[in-house]
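Participant: One structure, as structure tokens, below. Some questions next.
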2 protein chains.
Amino acid sequence: MSTRDTVLAAAQRLLATDPTAPMAEIAAAAGVGRATVHRHFASREDLLHEIGRRSLDRWAESMTEAGVAGAVASADPALIRACLDDMIGRFVVDADEYGIALTDPTVVNGPALRERADALFAEEVTLYAAAQAAGVLRSDVAARWLGHSLYGLLVAVRDALVAGDIAARDAQDLVRSTFLEGGAAR
Amino acid sequence: MSTRDTVLAAAQRLLATDPTAPMAEIAAAAGVGRATVHRHFASREDLLHEIGRRSLDRWAESMTEAGVAGAVASADPALIRACLDDMIGRFVVDADEYGIALTDPTVVNGPALRERADALFAEEVTLYAAAQAAGVLRSDVAARWLGHSLYGLLVAVRDALVAGDIAARDAQDLVRSTFLEGGAAR
DNA sequence: CTCATATGAGACAGTGAAGTCTCACTAGGA
DNA sequence: TCCTAGTGAGACTTCACTGTCTCATATGAG
């Protein structure tokens, strides 16, 4: 792994728990001199921006790999449901690695990133809308609300993992099950 | 409203979206001089601590008013369900007014606040556990996970409101319904 | 009116982090 | 061997924020 990637990885890990961690700490966590960090990222903002960009890349990638576009186009309930399960699983993994961007406004800072995040969310919502049309998801709530609620569950996973209340291997099924079936007894 | 309360309210509102907002911005948002803020709160940490304390107060108050202790003691499914609905509604209102700062390390900073937050969460979880025992909530997931997922939905509400995707008056029912029934079609 | 209290505005110094720069060292290729 | 690129360490400047202070002003009670 290149020095640049080492720094990025360390920064992602560190900033997830402390978004205000100074550059010196990030450098130390990466096992690198402070000057070296600045050789690869002109400013702190540059570093944050790059993390945000990568997070969005991963988000887009996960939707592509889950076959969101195809599932939406198919309008097939079984395919949509499978795509949904797949995508949720990928999101849980992503959130674990790229979790910072979840709640921190300092990461997705620029208007360009903001706009791209909105576009990705809109793409994600097309799946929810298709799922509603196909009878997979309920239609009495806004498709965008379903998107927000899944996002909220990803935040919940992070908190639960930090608190040690769930096992990492259970996270995916927990989110899928809670997102789809809720918490009420059957 | 006293100047002190004005500052606190402004700080809560501002710090909910930007926990690093400088004192000058907080003062400006409160329509007050920077020196005045320092007259009421010796340091920034004091201010944050007070916000954290008040938020936890409100949390505790909401659980008391919802009758959590009584519902748990009763073990009555109907009462527990009513208490749950009541509590969720209060939490949605609280989250709107007090921000979601309860997991932000910059707000809940001291070990004392941290400990109290843990205790309150534990108290909340007793309701989920009682609900599981009474057949109101599903028992195949950890009670603490249910707590985290509700918190996640509160985050979702905030985001959805900011994005303009839901109406404030729908928030309570949306959270109740999503928390209990999930997003799958019936 | 008089006075006490609270405030706004602004000046001030201290602090910590960001960013720049230099210099010496190391590894690897020509 | 020599040279180049990348690095660590550290000095240094700049800057934003914090916290303190002073002084003039407003407001309300007596």
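Just remember, in the structure tokens the first chain shown is A, the second B, etc., residues are 1-based per chain, and ligands are 1-based in the order shown.
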With chain A laid on chain B by least squares, using all C-alpha atoms in order, how large is the RMSD?

Facilitator: 0.7 Å

Participant: Could you please select, counting only C-alpha atoms (C1' of nucleotides), the residues of chain C within 9 Å of chain B and state them as a tab-separated table (two decimals) with all heavy atoms, in the first residue's frame?

Facilitator:
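Here's the written file result-v1.tsv:
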```
chain	number	residue	atom	x	y	z
C	6	DA	P	-26.68	40.82	37.13
C	6	DA	OP1	-27.44	39.58	37.42
C	6	DA	OP2	-25.26	40.92	37.48
C	6	DA	O5'	-26.84	41.10	35.57
C	6	DA	C5'	-28.12	41.39	35.03
C	6	DA	C4'	-27.98	41.86	33.60
C	6	DA	O4'	-27.44	43.20	33.58
C	6	DA	C3'	-27.04	40.99	32.75
C	6	DA	O3'	-27.71	40.61	31.55
C	6	DA	C2'	-25.84	41.89	32.50
C	6	DA	C1'	-26.44	43.29	32.58
C	6	DA	N9	-25.48	44.31	32.99
C	6	DA	C8	-24.64	44.29	34.07
C	6	DA	N7	-23.88	45.36	34.18
C	6	DA	C5	-24.26	46.15	33.10
C	6	DA	C6	-23.84	47.42	32.66
C	6	DA	N6	-22.90	48.14	33.27
C	6	DA	N1	-24.43	47.92	31.55
C	6	DA	C2	-25.37	47.19	30.93
C	6	DA	N3	-25.84	46.00	31.26
C	6	DA	C4	-25.25	45.53	32.37
C	7	DT	P	-26.99	39.63	30.55
C	7	DT	OP1	-28.07	38.80	29.96
C	7	DT	OP2	-25.82	39.01	31.21
C	7	DT	O5'	-26.48	40.61	29.42
C	7	DT	C5'	-27.41	41.47	28.77
C	7	DT	C4'	-26.71	42.58	28.05
C	7	DT	O4'	-25.89	43.33	28.99
C	7	DT	C3'	-25.71	42.11	26.97
C	7	DT	O3'	-26.33	42.15	25.70
C	7	DT	C2'	-24.54	43.12	27.08
C	7	DT	C1'	-24.95	44.04	28.23
C	7	DT	N1	-23.83	44.43	29.11
C	7	DT	C2	-23.20	45.63	28.91
C	7	DT	O2	-23.51	46.42	28.04
C	7	DT	N3	-22.16	45.90	29.79
C	7	DT	C4	-21.73	45.09	30.83
C	7	DT	O4	-20.79	45.44	31.55
C	7	DT	C5	-22.43	43.85	30.98
C	7	DT	C7	-22.03	42.90	32.07
C	7	DT	C6	-23.44	43.57	30.13
C	8	DG	P	-25.60	41.52	24.45
C	8	DG	OP1	-26.64	41.14	23.47
C	8	DG	OP2	-24.65	40.52	24.95
C	8	DG	O5'	-24.78	42.75	23.87
C	8	DG	C5'	-25.46	43.96	23.55
C	8	DG	C4'	-24.51	44.92	22.86
C	8	DG	O4'	-23.59	45.48	23.86
C	8	DG	C3'	-23.62	44.29	21.80
C	8	DG	O3'	-23.50	45.19	20.71
C	8	DG	C2'	-22.28	44.06	22.51
C	8	DG	C1'	-22.25	45.19	23.54
C	8	DG	N9	-21.57	44.83	24.79
C	8	DG	C8	-21.69	43.66	25.49
C	8	DG	N7	-20.99	43.64	26.59
C	8	DG	C5	-20.36	44.88	26.62
C	8	DG	C6	-19.46	45.44	27.57
C	8	DG	O6	-19.04	44.94	28.62
C	8	DG	N1	-19.06	46.72	27.22
C	8	DG	C2	-19.46	47.38	26.08
C	8	DG	N2	-18.97	48.60	25.91
C	8	DG	N3	-20.30	46.88	25.18
C	8	DG	C4	-20.71	45.62	25.51
C	9	DA	P	-22.75	44.74	19.41
C	9	DA	OP1	-23.49	45.34	18.28
C	9	DA	OP2	-22.52	43.29	19.45
C	9	DA	O5'	-21.34	45.48	19.52
C	9	DA	C5'	-21.30	46.85	19.93
C	9	DA	C4'	-19.86	47.26	20.18
C	9	DA	O4'	-19.49	46.87	21.52
C	9	DA	C3'	-18.84	46.60	19.24
C	9	DA	O3'	-18.11	47.61	18.57
C	9	DA	C2'	-17.97	45.75	20.15
C	9	DA	C1'	-18.17	46.40	21.52
C	9	DA	N9	-18.03	45.47	22.64
C	9	DA	C8	-18.61	44.25	22.77
C	9	DA	N7	-18.32	43.63	23.90
C	9	DA	C5	-17.48	44.52	24.55
C	9	DA	C6	-16.83	44.47	25.80
C	9	DA	N6	-16.91	43.43	26.64
C	9	DA	N1	-16.05	45.52	26.15
C	9	DA	C2	-15.96	46.56	25.30
C	9	DA	N3	-16.55	46.72	24.11
C	9	DA	C4	-17.30	45.66	23.78
```

Participant: Go through chain D residue by residue and, counting only C-alpha atoms (C1' of nucleotides), keep those with an atom at most 10 Å from chain B; for each kept residue give the shortest atom pair and its distance in Å to one decimal, ordered by chain and increasing number, as CSV.

Facilitator:
```
residue,atom,partner,partner_atom,distance
D:DA16,C1',B:Pro22,CA,9.5
D:DC17,C1',B:Pro22,CA,7.0
D:DT18,C1',B:Ser43,CA,8.2
D:DG19,C1',B:Ser43,CA,7.4
D:DT20,C1',B:Ala35,CA,9.3
```

Participant: Those residues with N, CA, C and O atoms (P, O5', C5', C4', C3', O3' and C1' of nucleotides), as a compact mmCIF listing (two decimals), in the first residue's frame please?

Facilitator:
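Everything below was put into again.txt:
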```txt
# COMPACT_ATOMS: atom_id res chain seq x y z
P DA D 16 -7.52 33.48 9.94
O5' DA D 16 -8.51 32.63 10.86
C5' DA D 16 -8.47 31.21 10.76
C4' DA D 16 -8.82 30.61 12.10
C3' DA D 16 -10.01 31.29 12.80
O3' DA D 16 -10.91 30.31 13.26
C1' DA D 16 -8.12 31.24 14.24
P DC D 17 -12.34 30.78 13.78
O5' DC D 17 -12.29 30.40 15.33
C5' DC D 17 -11.76 29.14 15.71
C4' DC D 17 -11.28 29.22 17.14
C3' DC D 17 -12.29 29.84 18.10
O3' DC D 17 -12.72 28.86 19.03
C1' DC D 17 -10.09 30.65 18.48
P DT D 18 -13.86 29.22 20.11
O5' DT D 18 -13.06 29.35 21.48
C5' DT D 18 -11.99 28.46 21.75
C4' DT D 18 -11.16 29.00 22.90
C3' DT D 18 -11.97 29.53 24.07
O3' DT D 18 -11.59 28.85 25.25
C1' DT D 18 -10.32 31.12 23.40
P DG D 19 -12.61 28.77 26.52
O5' DG D 19 -12.12 30.00 27.42
C5' DG D 19 -10.77 29.98 27.86
C4' DG D 19 -10.36 31.36 28.32
C3' DG D 19 -11.35 32.07 29.26
O3' DG D 19 -10.66 32.39 30.46
C1' DG D 19 -10.59 33.53 27.57
P DT D 20 -11.42 33.20 31.63
O5' DT D 20 -10.81 34.68 31.47
C5' DT D 20 -9.39 34.83 31.42
C4' DT D 20 -9.02 36.31 31.31
C3' DT D 20 -9.81 37.21 32.26
O3' DT D 20 -8.90 37.99 33.03
C1' DT D 20 -9.89 38.06 30.04
```

Participant: Calculated over only C-alpha atoms, which of the candidates A:Thr6, A:Asn109, A:Ser177, A:Ser55 has the smallest distance to chain B?

Facilitator: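 Selected residue with least distance to chain B: A:Ser177.
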
Participant: List the neighbours of region 167-169 of chain A out to 9 Å using only C-alpha atoms (C1' of nucleotides); skip same-chain residues closer than 6 positions along the sequence, and give me the result as a ChimeraX atom specification.

Facilitator: /A:157,160-161

Participant: Can you write out as CSV which residues of chain A fall within 7 Å of chain B, alongside each residue's closest atom pair and its distance in Å to one decimal, counting only C-alpha atoms and ordering rows by chain and ascending residue number?

Facilitator:
```
residue,atom,partner,partner_atom,distance
A:Gly135,CA,B:Ala185,CA,6.0
A:Val136,CA,B:Ala185,CA,5.4
A:Leu137,CA,B:Ala184,CA,4.2
A:Arg138,CA,B:Ala185,CA,3.9
A:Arg144,CA,B:Asp165,CA,6.5
A:Trp145,CA,B:Ala160,CA,6.6
A:Leu146,CA,B:Gly183,CA,6.8
A:His148,CA,B:Ala156,CA,4.9
A:Ser149,CA,B:Ala156,CA,5.2
A:Tyr151,CA,B:Ala156,CA,6.7
A:Gly152,CA,B:Gly152,CA,4.1
A:Leu153,CA,B:Gly152,CA,5.1
A:Val155,CA,B:Gly152,CA,5.7
A:Ala156,CA,B:Gly152,CA,4.8
A:Asp159,CA,B:His148,CA,6.9
A:Ala160,CA,B:His148,CA,6.3
A:Asp165,CA,B:Arg144,CA,6.5
A:Thr178,CA,B:Gly182,CA,6.3
A:Phe179,CA,B:Gly182,CA,5.2
A:Leu180,CA,B:Ala184,CA,4.6
A:Glu181,CA,B:Gly182,CA,4.4
A:Gly182,CA,B:Gly182,CA,3.6
A:Gly183,CA,B:Leu180,CA,4.6
A:Ala184,CA,B:Leu137,CA,4.2
A:Ala185,CA,B:Arg138,CA,4.0
```

Participant: Just give me the gap between CA of Val107 (chain A) and CA of Leu48 (chain A) in Å, one decimal is fine.

Facilitator: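 A separation of 5.2 Å between them.
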
Participant: In Å, rounded to a single decimal, give me how far CA of Gln172 (chain A) is from CA of Asp57 (chain A).

Facilitator: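 Computing it gives 20.8 Å between the two atoms.
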
Participant: Have a look at CA of Phe121 (chain B) and CA of Ala75 (chain B) and let me know their distance in Å, one decimal.

Facilitator: 19.4 Å
